Each structure stands twice: as structure tokens, then as C-alpha cells.
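K.L.:
mmCIF, C-alpha atoms, saved as entry21.cif, coming up:
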```cif
data_target
loop_
_atom_site.label_atom_id
_atom_site.label_comp_id
_atom_site.auth_asym_id
_atom_site.auth_seq_id
_atom_site.Cartn_x
_atom_site.Cartn_y
_atom_site.Cartn_z
CA MET W 17 8.90 18.62 -3.57
CA ARG W 18 10.80 21.35 -5.40
CA SER W 19 14.06 19.76 -4.27
CA MET W 20 12.91 16.41 -5.71
CA PHE W 21 12.25 17.92 -9.13
CA LYS W 22 15.51 19.88 -9.04
CA ASN W 23 17.46 16.69 -8.29
CA ALA W 24 15.19 14.36 -10.23
CA GLY W 25 17.97 11.97 -11.23
CA LYS W 26 18.88 11.43 -7.59
CA TRP W 27 15.30 11.07 -6.32
CA LEU W 28 13.83 8.94 -9.10
CA PRO W 29 15.16 5.54 -7.90
CA ARG W 30 14.13 6.26 -4.30
CA VAL W 31 10.59 7.33 -5.14
CA ALA W 32 10.12 4.60 -7.77
CA VAL W 33 11.22 1.84 -5.39
CA ALA W 34 9.07 3.28 -2.58
CA CYS W 35 6.15 3.34 -5.01
CA ALA W 36 6.65 -0.31 -6.00
CA VAL W 37 6.88 -1.42 -2.36
CA THR W 38 3.76 0.57 -1.46
CA VAL W 39 1.80 -0.92 -4.36
CA TYR W 40 2.88 -4.41 -3.26
CA PHE W 41 1.54 -3.84 0.24
CA LEU W 42 -1.60 -2.26 -1.22
CA ILE W 43 -2.22 -5.52 -3.11
CA ILE W 44 -1.64 -7.51 0.08
CA PHE W 45 -3.95 -5.29 2.10
CA GLY W 46 -6.58 -5.56 -0.63
CA SER W 47 -6.30 -9.35 -0.40
CA HIS W 48 -6.77 -9.14 3.36
CA VAL W 49 -9.90 -7.04 2.84
CA ARG W 50 -11.29 -9.82 0.62
CA VAL W 51 -10.23 -12.60 3.01
CA THR W 52 -12.01 -10.87 5.92
CA ASP W 53 -15.12 -10.09 3.82
CA SER W 54 -14.63 -6.37 4.42
CA GLY W 55 -15.09 -5.26 0.81
CA MET W 56 -18.46 -3.65 1.57
CA GLY W 57 -17.41 -2.26 4.94
CA CYS W 58 -17.88 1.19 3.42
CA PRO W 59 -21.13 1.30 1.41
CA ASP W 60 -20.28 4.67 -0.19
CA TRP W 61 -17.25 6.09 -2.04
CA PRO W 62 -14.87 7.91 -1.68
CA LEU W 63 -16.05 8.61 1.87
CA CYS W 64 -16.83 5.86 4.35
CA LYS W 65 -20.29 6.26 5.80
CA GLY W 66 -20.10 9.90 4.84
CA SER W 67 -16.81 10.65 6.61
CA LEU W 68 -13.06 10.76 6.05
CA ASN W 69 -12.40 9.98 9.71
CA PRO W 70 -11.52 6.42 10.75
CA ALA W 71 -14.74 4.43 10.60
CA GLN W 72 -16.27 2.49 13.47
CA GLY W 73 -16.45 -1.27 13.17
CA PHE W 74 -13.88 -3.78 11.92
CA HIS W 75 -15.05 -4.15 8.32
CA ALA W 76 -15.52 -0.41 7.77
CA PHE W 77 -12.14 0.32 9.31
CA MET W 78 -10.39 -2.27 7.11
CA GLU W 79 -12.00 -0.96 3.93
CA GLN W 80 -11.23 2.65 4.81
CA MET W 81 -7.59 1.85 5.62
CA HIS W 82 -7.37 0.18 2.23
CA ARG W 83 -8.56 3.42 0.63
CA TYR W 84 -6.00 5.47 2.58
CA PHE W 85 -3.32 3.07 1.36
CA ALA W 86 -4.61 3.43 -2.20
CA GLY W 87 -4.42 7.23 -1.83
CA LEU W 88 -0.77 6.99 -0.77
CA ALA W 89 0.01 4.69 -3.69
CA THR W 90 -1.69 7.13 -6.08
CA ILE W 91 0.43 10.01 -4.82
CA LEU W 92 3.62 7.97 -5.23
CA VAL W 93 2.68 6.77 -8.73
CA ILE W 94 1.99 10.32 -9.91
CA SER W 95 5.13 11.64 -8.19
CA THR W 96 7.25 8.96 -9.83
CA ALA W 97 5.92 9.91 -13.27
CA LEU W 98 6.53 13.62 -12.70
CA ILE W 99 10.06 13.03 -11.43
CA ALA W 100 10.79 10.63 -14.29
CA LYS W 101 9.74 13.31 -16.78
CA ARG W 102 12.19 15.76 -15.18
CA SER W 103 15.04 13.29 -14.91
CA ARG W 104 17.65 13.10 -17.65
CA VAL W 105 19.48 10.16 -16.10
CA GLN W 106 17.05 7.30 -16.79
CA PRO W 107 14.79 8.24 -19.71
CA ALA W 108 13.67 4.61 -20.03
CA ALA W 109 11.65 5.04 -16.82
CA ILE W 110 9.34 7.67 -18.34
CA ARG W 111 7.14 5.37 -20.39
CA PRO W 112 6.39 2.74 -17.71
CA ALA W 113 5.86 5.51 -15.15
CA ILE W 114 3.24 7.21 -17.34
CA VAL W 115 1.56 3.89 -18.16
CA THR W 116 1.38 3.14 -14.43
CA CYS W 117 -0.40 6.48 -13.93
CA PHE W 118 -3.10 5.43 -16.39
CA ILE W 119 -3.38 2.04 -14.70
CA ILE W 120 -3.93 3.53 -11.26
CA LEU W 121 -6.57 5.87 -12.68
CA VAL W 122 -8.41 2.82 -14.03
CA GLN W 123 -7.88 1.08 -10.68
CA VAL W 124 -9.44 3.98 -8.76
CA ILE W 125 -12.43 4.08 -11.10
CA LEU W 126 -12.91 0.32 -10.81
CA GLY W 127 -12.66 0.59 -7.03
CA ALA W 128 -15.55 3.06 -7.01
CA VAL W 129 -17.60 0.97 -9.47
CA THR W 130 -16.98 -2.13 -7.34
CA VAL W 131 -18.47 -0.43 -4.28
CA TYR W 132 -21.55 0.86 -6.13
CA ASP W 133 -21.97 -2.56 -7.78
CA GLY W 134 -22.01 -4.26 -4.39
CA ASN W 135 -18.82 -6.23 -5.04
CA GLY W 136 -20.23 -7.88 -8.14
CA ALA W 137 -18.04 -10.61 -9.64
CA PRO W 138 -17.19 -8.80 -12.93
CA THR W 139 -16.11 -5.57 -11.22
CA VAL W 140 -14.14 -7.43 -8.56
CA ALA W 141 -12.35 -9.37 -11.30
CA GLY W 142 -11.59 -6.15 -13.18
CA HIS W 143 -10.31 -4.52 -9.99
CA LEU W 144 -8.04 -7.51 -9.37
CA LEU W 145 -6.62 -7.45 -12.91
CA ALA W 146 -5.98 -3.71 -12.69
CA GLY W 147 -4.24 -4.26 -9.35
CA LEU W 148 -1.89 -6.83 -10.87
CA ALA W 149 -1.20 -4.52 -13.81
CA LEU W 150 -0.46 -1.74 -11.30
CA LEU W 151 2.00 -3.96 -9.44
CA GLY W 152 3.69 -4.88 -12.72
CA GLY W 153 3.87 -1.27 -13.89
CA ALA W 154 5.32 -0.01 -10.61
CA THR W 155 7.87 -2.85 -10.57
CA VAL W 156 9.00 -2.19 -14.14
CA THR W 157 9.31 1.53 -13.39
CA ALA W 158 11.44 0.83 -10.33
CA VAL W 159 13.75 -1.42 -12.35
CA ALA W 160 13.93 1.16 -15.16
CA SER W 161 15.02 3.79 -12.64
CA LEU W 162 17.92 1.62 -11.51
CA VAL W 163 19.08 -0.35 -14.56
CA PRO W 164 20.49 1.44 -17.63
CA LYS W 165 18.84 0.37 -20.88
CA VAL W 166 21.13 -0.91 -23.61
CA SER W 167 20.40 -0.79 -27.32
CA VAL W 168 20.51 -4.08 -29.17
CA ILE W 169 20.11 -5.75 -32.53
CA GLY W 170 17.40 -8.41 -32.41
CA LYS W 171 15.38 -9.71 -29.47
CA ARG W 172 15.96 -8.54 -25.91
CA LEU W 173 14.42 -11.54 -24.12
CA GLY W 174 13.72 -15.15 -24.96
CA PRO W 175 10.25 -16.76 -24.73
CA ILE W 176 10.84 -18.30 -21.29
CA SER W 177 10.87 -14.85 -19.66
CA TRP W 178 7.46 -13.93 -21.07
CA ILE W 179 6.04 -17.35 -20.25
CA ALA W 180 7.25 -17.03 -16.64
CA VAL W 181 5.63 -13.61 -16.15
CA ILE W 182 2.32 -14.77 -17.65
CA ALA W 183 2.35 -17.97 -15.57
CA ALA W 184 3.04 -16.05 -12.34
CA ALA W 185 0.15 -13.67 -13.08
CA LEU W 186 -2.27 -16.52 -13.90
CA LEU W 187 -1.23 -18.30 -10.71
CA TYR W 188 -2.16 -15.27 -8.62
CA ILE W 189 -5.43 -14.78 -10.50
CA SER W 190 -6.48 -18.42 -10.12
CA GLY W 191 -5.83 -18.26 -6.38
CA SER W 192 -7.74 -15.00 -6.05
CA LEU W 193 -10.75 -16.54 -7.81
CA ILE W 194 -10.93 -19.12 -5.04
CA VAL W 195 -10.98 -16.34 -2.43
CA ASN W 196 -13.58 -14.32 -4.34
CA ALA W 197 -15.83 -17.38 -4.59
CA SER W 198 -15.41 -18.08 -0.84
CA ALA W 199 -14.20 -21.56 -1.79
CA GLU W 200 -11.05 -21.63 0.35
CA LYS W 201 -12.30 -24.19 2.90
CA TYR W 202 -13.76 -26.71 0.46
CA CYS W 203 -10.73 -28.71 -0.60
CA ALA W 204 -8.84 -29.79 2.52
CA ARG W 205 -6.91 -32.56 0.79
CA ILE W 206 -3.85 -32.72 -1.49
CA PRO W 207 -3.70 -33.13 -4.47
CA PHE W 208 -7.44 -33.71 -5.12
CA CYS W 209 -10.54 -32.53 -3.29
CA PRO W 210 -12.58 -34.87 -1.07
CA THR W 211 -15.89 -36.22 -2.35
CA GLY W 212 -19.15 -34.38 -1.80
CA ILE W 213 -17.75 -30.94 -2.64
CA PRO W 214 -19.77 -28.72 -5.03
CA ALA W 215 -18.40 -29.09 -8.56
CA ARG W 216 -17.79 -25.35 -9.02
CA TYR W 217 -15.47 -25.28 -5.99
CA VAL W 218 -13.65 -28.42 -7.09
CA ALA W 219 -13.10 -26.87 -10.53
CA LEU W 220 -11.60 -23.69 -9.05
CA HIS W 221 -9.20 -25.63 -6.84
CA LEU W 222 -8.12 -28.00 -9.60
CA VAL W 223 -7.50 -25.10 -11.99
CA HIS W 224 -5.38 -23.36 -9.35
CA ARG W 225 -3.41 -26.49 -8.52
CA SER W 226 -2.80 -27.14 -12.21
CA MET W 227 -1.50 -23.57 -12.49
CA VAL W 228 0.80 -24.21 -9.53
CA LEU W 229 2.41 -27.11 -11.39
CA ILE W 230 2.72 -25.17 -14.68
CA THR W 231 4.08 -22.08 -12.91
CA PHE W 232 6.54 -24.13 -10.89
CA ILE W 233 8.06 -25.55 -14.07
CA ALA W 234 8.06 -22.20 -15.88
CA LEU W 235 9.58 -20.19 -13.03
CA ILE W 236 12.24 -22.73 -12.10
CA THR W 237 13.25 -22.90 -15.77
CA PHE W 238 13.31 -19.11 -15.99
CA ALA W 239 15.33 -18.67 -12.78
CA VAL W 240 17.88 -21.30 -13.81
CA HIS W 241 18.17 -19.75 -17.28
CA ALA W 242 18.79 -16.30 -15.80
CA TRP W 243 21.30 -17.65 -13.23
CA ARG W 244 23.33 -19.44 -15.88
CA ASN W 245 23.14 -17.04 -18.80
CA TRP W 246 22.53 -13.50 -17.55
CA ASN W 247 25.80 -12.16 -16.18
CA SER W 248 25.47 -8.52 -17.19
CA HIS W 249 23.87 -7.21 -13.97
CA ARG W 250 24.58 -7.99 -10.33
CA ALA W 251 20.87 -8.14 -9.40
CA VAL W 252 20.18 -11.17 -11.61
CA ARG W 253 21.32 -13.97 -9.34
CA PRO W 254 19.74 -12.60 -6.12
CA LEU W 255 16.44 -12.17 -7.98
CA ALA W 256 16.65 -15.64 -9.53
CA ALA W 257 17.34 -17.22 -6.14
CA SER W 258 14.49 -15.22 -4.60
CA ILE W 259 12.03 -16.57 -7.17
CA ILE W 260 12.89 -20.17 -6.24
CA LEU W 261 12.74 -19.52 -2.48
CA LEU W 262 9.48 -17.57 -2.71
CA LEU W 263 7.94 -20.20 -4.96
CA LEU W 264 8.80 -23.01 -2.55
CA SER W 265 7.64 -21.13 0.56
CA THR W 266 4.40 -20.02 -1.11
CA ALA W 267 3.65 -23.59 -2.21
CA ILE W 268 4.23 -24.87 1.34
CA LEU W 269 1.95 -22.16 2.74
CA GLY W 270 -0.69 -23.14 0.18
CA ILE W 271 -0.56 -26.79 1.23
CA PHE W 272 -0.92 -25.96 4.92
CA SER W 273 -3.68 -23.45 4.17
CA ALA W 274 -5.63 -26.08 2.25
CA LEU W 275 -5.18 -28.84 4.83
CA LEU W 276 -6.14 -26.52 7.72
CA LYS W 277 -9.20 -25.19 5.83
CA ALA W 278 -7.75 -21.80 5.09
CA PRO W 279 -7.35 -19.86 8.34
CA ALA W 280 -7.20 -16.12 7.63
CA HIS W 281 -3.55 -15.64 8.64
CA LEU W 282 -2.37 -18.44 6.33
CA GLN W 283 -4.48 -17.08 3.48
CA ASP W 284 -2.85 -13.68 3.94
CA LEU W 285 0.65 -15.16 3.95
CA HIS W 286 -0.12 -17.35 0.94
CA LEU W 287 -1.47 -14.42 -1.09
CA ALA W 288 1.47 -12.25 -0.01
CA GLY W 289 3.84 -14.95 -1.22
CA ALA W 290 2.05 -15.26 -4.56
CA ALA W 291 2.20 -11.48 -5.07
CA ALA W 292 5.90 -11.52 -4.17
CA VAL W 293 6.52 -14.30 -6.70
CA LEU W 294 4.84 -12.21 -9.39
CA SER W 295 6.65 -9.01 -8.42
CA VAL W 296 10.12 -10.60 -8.31
CA THR W 297 9.48 -12.45 -11.58
CA VAL W 298 8.51 -9.17 -13.25
CA ALA W 299 11.59 -7.51 -11.72
CA LEU W 300 13.96 -10.18 -13.05
CA ALA W 301 12.35 -10.14 -16.50
CA SER W 302 12.59 -6.33 -16.51
CA VAL W 303 16.27 -6.41 -15.63
CA GLY W 304 16.80 -8.90 -18.43
CA TRP W 305 14.86 -6.72 -20.87
CA TYR W 306 16.72 -3.51 -20.02
CA VAL W 307 20.16 -5.13 -20.21
CA ALA W 308 19.07 -7.17 -23.29
CA ALA W 309 20.15 -10.34 -21.57
CA ASP W 310 19.14 -12.71 -24.38
CA ALA W 311 20.27 -10.48 -27.25
CA GLU W 312 22.80 -11.84 -29.68
CA LYS W 313 24.58 -8.51 -30.10
CA VAL W 314 24.64 -5.44 -27.89
CA ARG W 315 25.06 -2.21 -29.82
CA THR W 316 25.40 0.74 -27.43
CA VAL W 317 24.62 1.75 -23.88
CA GLY W 318 21.73 4.23 -23.67
#
```
Render the structure in this file as C-alpha cells.

P.N.:
Amino acid sequence: MRSMFKNAGKWLPRVAVACAVTVYFLIIFGSHVRVTDSGMGCPDWPLCKGSLNPAQGFHAFMEQMHRYFAGLATILVISTALIAKRSRVQPAAIRPAIVTCFIILVQVILGAVTVYDGNGAPTVAGHLLAGLALLGGATVTAVASLVPKVSVIGKRLGPISWIAVIAAALLYISGSLIVNASAEKYCARIPFCPTGIPARYVALHLVHRSMVLITFIALITFAVHAWRNWNSHRAVRPLAASIILLLLSTAILGIFSALLKAPAHLQDLHLAGAAAVLSVTVALASVGWYVAADAEKVRTVG
């Protein structure tokens, strides 16, 4: 650890990227816990049935592994912030790293409240939103550790970038609401639900499918805009292409999941794809923001 702080500029990108990847898989594992109805596998917190040892039983084991994963992510988030504070190479990474520390603190608190609340809908929703904020914060920090920030006159990004990020987040949230309501199996038809389905489930599916269409338009527009107009960083085109590929593959997985009445493995892949779409969209928007891709005039490199 002392070596990391001594060579903070060298270690910051490595730890920040590792942190972002870990948080991504934490989100995916958390989704799997919801899909398998393991959220109350451990009725107490922070221990699981009074122990730190691996718990007996599938649901308890899944929930406890999720907490171990969350512990690892917490260590990496805090380490990233400490290293960023010591680094003189990428000062732009300090602020998002510190913000991410606050987010994971909120996430841990909400995780505990969710358990004691018996997975009540409001606390689960808050936990989900904090998780998405955590993924965004870790992704921005990773980009900030790798991409030098330039100083500009005027705006850094155009509206399409912000719209794309918001749309990707709302897409993930709308899909997660279906999982949280246990409504995954109730709409095995495309594009509309079959008759005889409870109205609340139909509403959730139609909202999500409407978000799919809106997000598709927003993200394709954003990716094409970045591909054509952002030439100041080599990561732009790979990220833009990844958004389109991930969006298409996630949509296909969603169709098959719906038609097959949401088997667990397809739900996991679909949610993983949606989280990847959000993460890569945030990464591309962050690159654009740090290099001031839509600015009219670049002033200095900082």
C-alpha cells in the first residue's frame, strides 16, 4: 500500500479501472440476487445468521457473497480516492473519486436498511438508484484517471450526451422495476402483452418497452455523433461502436427473455447487458467531457 501511495500517478489508473470493473460486477451480482429471490437470504446485517463464515443454503450463500463483493468494492473505492488525492498527474480524478466514496457510504447504509425493512419497495428502489450512481461515479473516476482534462471556453458537451446518459439510466431502472415486482413472466409477447394480464404488470412492461425505443434512438444518435465529430481521443470510436453492439445484443436478449418467460440465465444476461450499456455510455460521455469534445474553442491542456 505504501508503494501505491508513493507512486500514486502510476497506480491511479490501475486501481480506478479495477474499481469500476468490480462495481460493474457488483451490480450484476446484485441483480442476480434479486432474480433468484435471495435478497432476504441473510435476515441480519452485516453478519449472515450471526456469522462471517460462508452461510448454509443457496439464498443465504448468494446474499452473503454479494456482501463480500460489496466489501471489496468499498475497499477499492476508498483506495482510489486516497490514491487520487496523492496523485499529481490526474487532479481531475479527485472530485469524482471522493463523490464515489460518499455514494458507496450511502449504498452500504441503504443495504442495511433494506435488510431490516424486509426488502420493502422504497428501500429496494433507493438501493438500486444508489447502485447506479455508484457505477456512474466509478466509471467517471476511471475515465478521469486515464484522460487528461482540457480547459475550454463555453460548453464541454452537447445536449445529446446528457440525454443519452439519462436514457440509459432510465432504461436500466425500468427493467429493474419489472424484476422487483416479480413481473418478468407476465408479458410473453412482443410488442404488447397478451390479454388477461394484471394491469400493473402490463404497465411496467409497456413503460420499459417504451424506454427501450426512446433509449435506442438516443444512444444510436449519441454514438453516431461521437463517431463523426469526436476525433480528439482514440477511445471514442471503440466506445461508440461498443454502445451500438451492446444495445443490439441487450435488446435481442430482452426479446428472447420475454418470449421464453424470463428464465433466470437470460434475465442475468439481459441485466448485465443493460448495465454495460449504461457504463459504456457514461464512459463515452466522460471522455467527451474531459476532452471538451463539443467545445467551440479549446484553451489549454490541464

K.L.:
Can you list, as a PyMOL selection string, the residues that the PyMOL selection byres ((chain W and resi 25-33) around 12) selects here?

P.N.:
chain W and resi 17-24+34-40+89+91-110+112-113+116+151+153-164+299

K.L.:
Do you know which residues are at most 9 Å from region 68-85 of chain W counting only C-alpha atoms, after dropping those on the same chain fewer than 2 positions away, and could you put them as a ChimeraX atom specification?

P.N.:
/W:38-39,41-42,45-46,48-49,52-59,62-66,87-90

K.L.:
In terms of the shortest atom-to-atom distance over all atoms listed in the file, which of W:Ser198, W:Ser248, W:Thr231, W:Ser273 is closest to Lys165 (chain W)?

P.N.:
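Ranked by minimum distance to Lys165 (chain W), first place goes to W:Ser248.
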
K.L.:
Closest to Ala292 (chain W) among W:Ile271, W:Ala184, W:Ile213, W:Ile125, using all atoms listed in the file?

P.N.:
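The answer is W:Ala184, which sits nearest to Ala292 (chain W).
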
K.L.:
May I have the residues within 9 Å of Ala257 (chain W) as JSON, numbers by chain, using all atoms listed in the file and disregarding those fewer than 4 positions away in the same chain?

P.N.:
{"W": [239, 240, 243, 252, 253, 261, 262]}

K.L.:
Mind pulling up the distance from CA of Trp305 (chain W) to CA of Gln123 (chain W)?

P.N.:
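Computing the Euclidean distance for CA of Gln123 (chain W) and CA of Trp305 (chain W) yields 26.1 Å.
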
K.L.:
Run the PyMOL selection byres ((chain W and resi 221) around 10) against the file shown and list the residues it catches, as JSON, numbers by chain.

P.N.:
{"W": [190, 191, 193, 194, 199, 200, 202, 203, 207, 208, 209, 215, 216, 217, 218, 219, 220, 222, 223, 224, 225, 226, 227, 274]}

K.L.:
Using all atoms listed in the file, which of the listed residues (W:Leu275, W:Ile119, W:Ile182, W:Ala251) sits closest to Leu235 (chain W)?

P.N.:
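Checking each candidate against Leu235 (chain W), we get W:Ile182 as the closest.
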